[in-house]
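Enquirer: Would you mind keeping the following structure in view while I ask a few things?
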Amino acid sequence: MIQISPEHTSDIIKALKNGQVVALPTETVFGLAIALNSAKALEKLIFLKRRDLNSGKVFTLVPDSTAKIKDFAILTKPAREYITKYIPGELTLILNKNPEFNHPYFNHFTTVGIRIPASPLFATILPETGPLLLTSANPRGDQPAISSDEVARTLPKVDVIVEGRTIEGKLPSTVVDLTKKTPVIIRQGDLQVL
C-alpha cells in the first residue's frame with residue numbers, strides 16, 4: 001500500500017491507468033476508484049468489497065463528463081433534468097443501461113448507477129483517466145471510511161491511498177432510481193432531491 005498526497009494528481013492518474021485500486025476522498029465519504037476498463041483492478045475491487053455479482057449491488061460508474069453519460073445510460077427527460085440540476089454532486093442516478101454499452105461487468109446488469117463527484121480532485125483526474133468505477137471505501141457491511149487512516153486500517157490491501165479526510169458525519173450520496181415511472185429514493189444522503 002502506498003499513501004500519497006492529494007496534490008500529487010499525476011501519481012493518482014498514473015496509478016488508476018496502471019490498474020490499481022485507489023482510495024480517495026469525495027465530497028461525501030472516502031471511495032475506492034478504478035479505471036473502467038481494467039479487468040485486473042475490477043477483480044481486486046470485487047475482492048476488497050467482498051461483492052457478490054448476484055447481490056444486486058452495482059459499482060457506480062463515473063463518466064469523465066456529463067456529456068458522456070449518454071454513452072452508458074438511456075437518458076429520459078427526468079434523467080436530463082436531474083443531471084442538469086445535481087451532477088456533478090452528491091447524487092447517484094440509477095438509469096437503464098444503454099444497450100450499446102458493452103462491458104464485462106455491466107453486461108450482468110440492466111441498469112447503471114451514474115455519479116460524478118463535485119470535488120476538485122475528480123475534476124482534475126477524470127479528463128486524464130477517462131471513466132472510473134467508484135464505490136464506498138469499506139468492506140461489505142461496514143460504515144464507509146471518512147479518512148485515509150481508516151482506509152489503511154480496514155482495507156490494508158488497497159494499492160494506493162490518497163491522504164486526507166472527509167467531513168465527519170457526512171452521508172454517502174443520495175441514490176435515486178429513475179428506471180420506473182416515478183423517481184424512487186434508494187438511499188437518502190445529505191442531498192434532498194424529492
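If you're wondering about the labels, chains in the C-alpha cells are A, B, ... by order shown, residues count from 1 in each chain, ligands from 1 in order shown.
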Tell me, which residues of chain A carry DSSP helix (DSSP H, G or I), written as an NGL selection string?

Expert: :A and (9-17 or 39-49 or 53-55 or 66-71 or 77-86 or 106-108 or 120-129 or 148-154)

Enquirer: Taking 6 positions as the minimum chain separation for residues in the same chain, which residues sit within 7 Å of Thr111 (chain A) when counting only C-alpha atoms? Answer as a PyMOL selection string.

Expert: chain A and resi 94-97

Enquirer: Any idea what's packed within 8 Å of region 138-143 of chain A, counting only C-alpha atoms, ignoring anything in its chain fewer than 3 positions away? Could you give it as a ChimeraX atom specification?

Expert: /A:48-51,151,154-155

Enquirer: May I ask which of the residues A:Ile186, A:Leu132, A:Ile4, A:Ile46 is the closest one to Pro117 (chain A), counting only C-alpha atoms?

Expert: A:Leu132
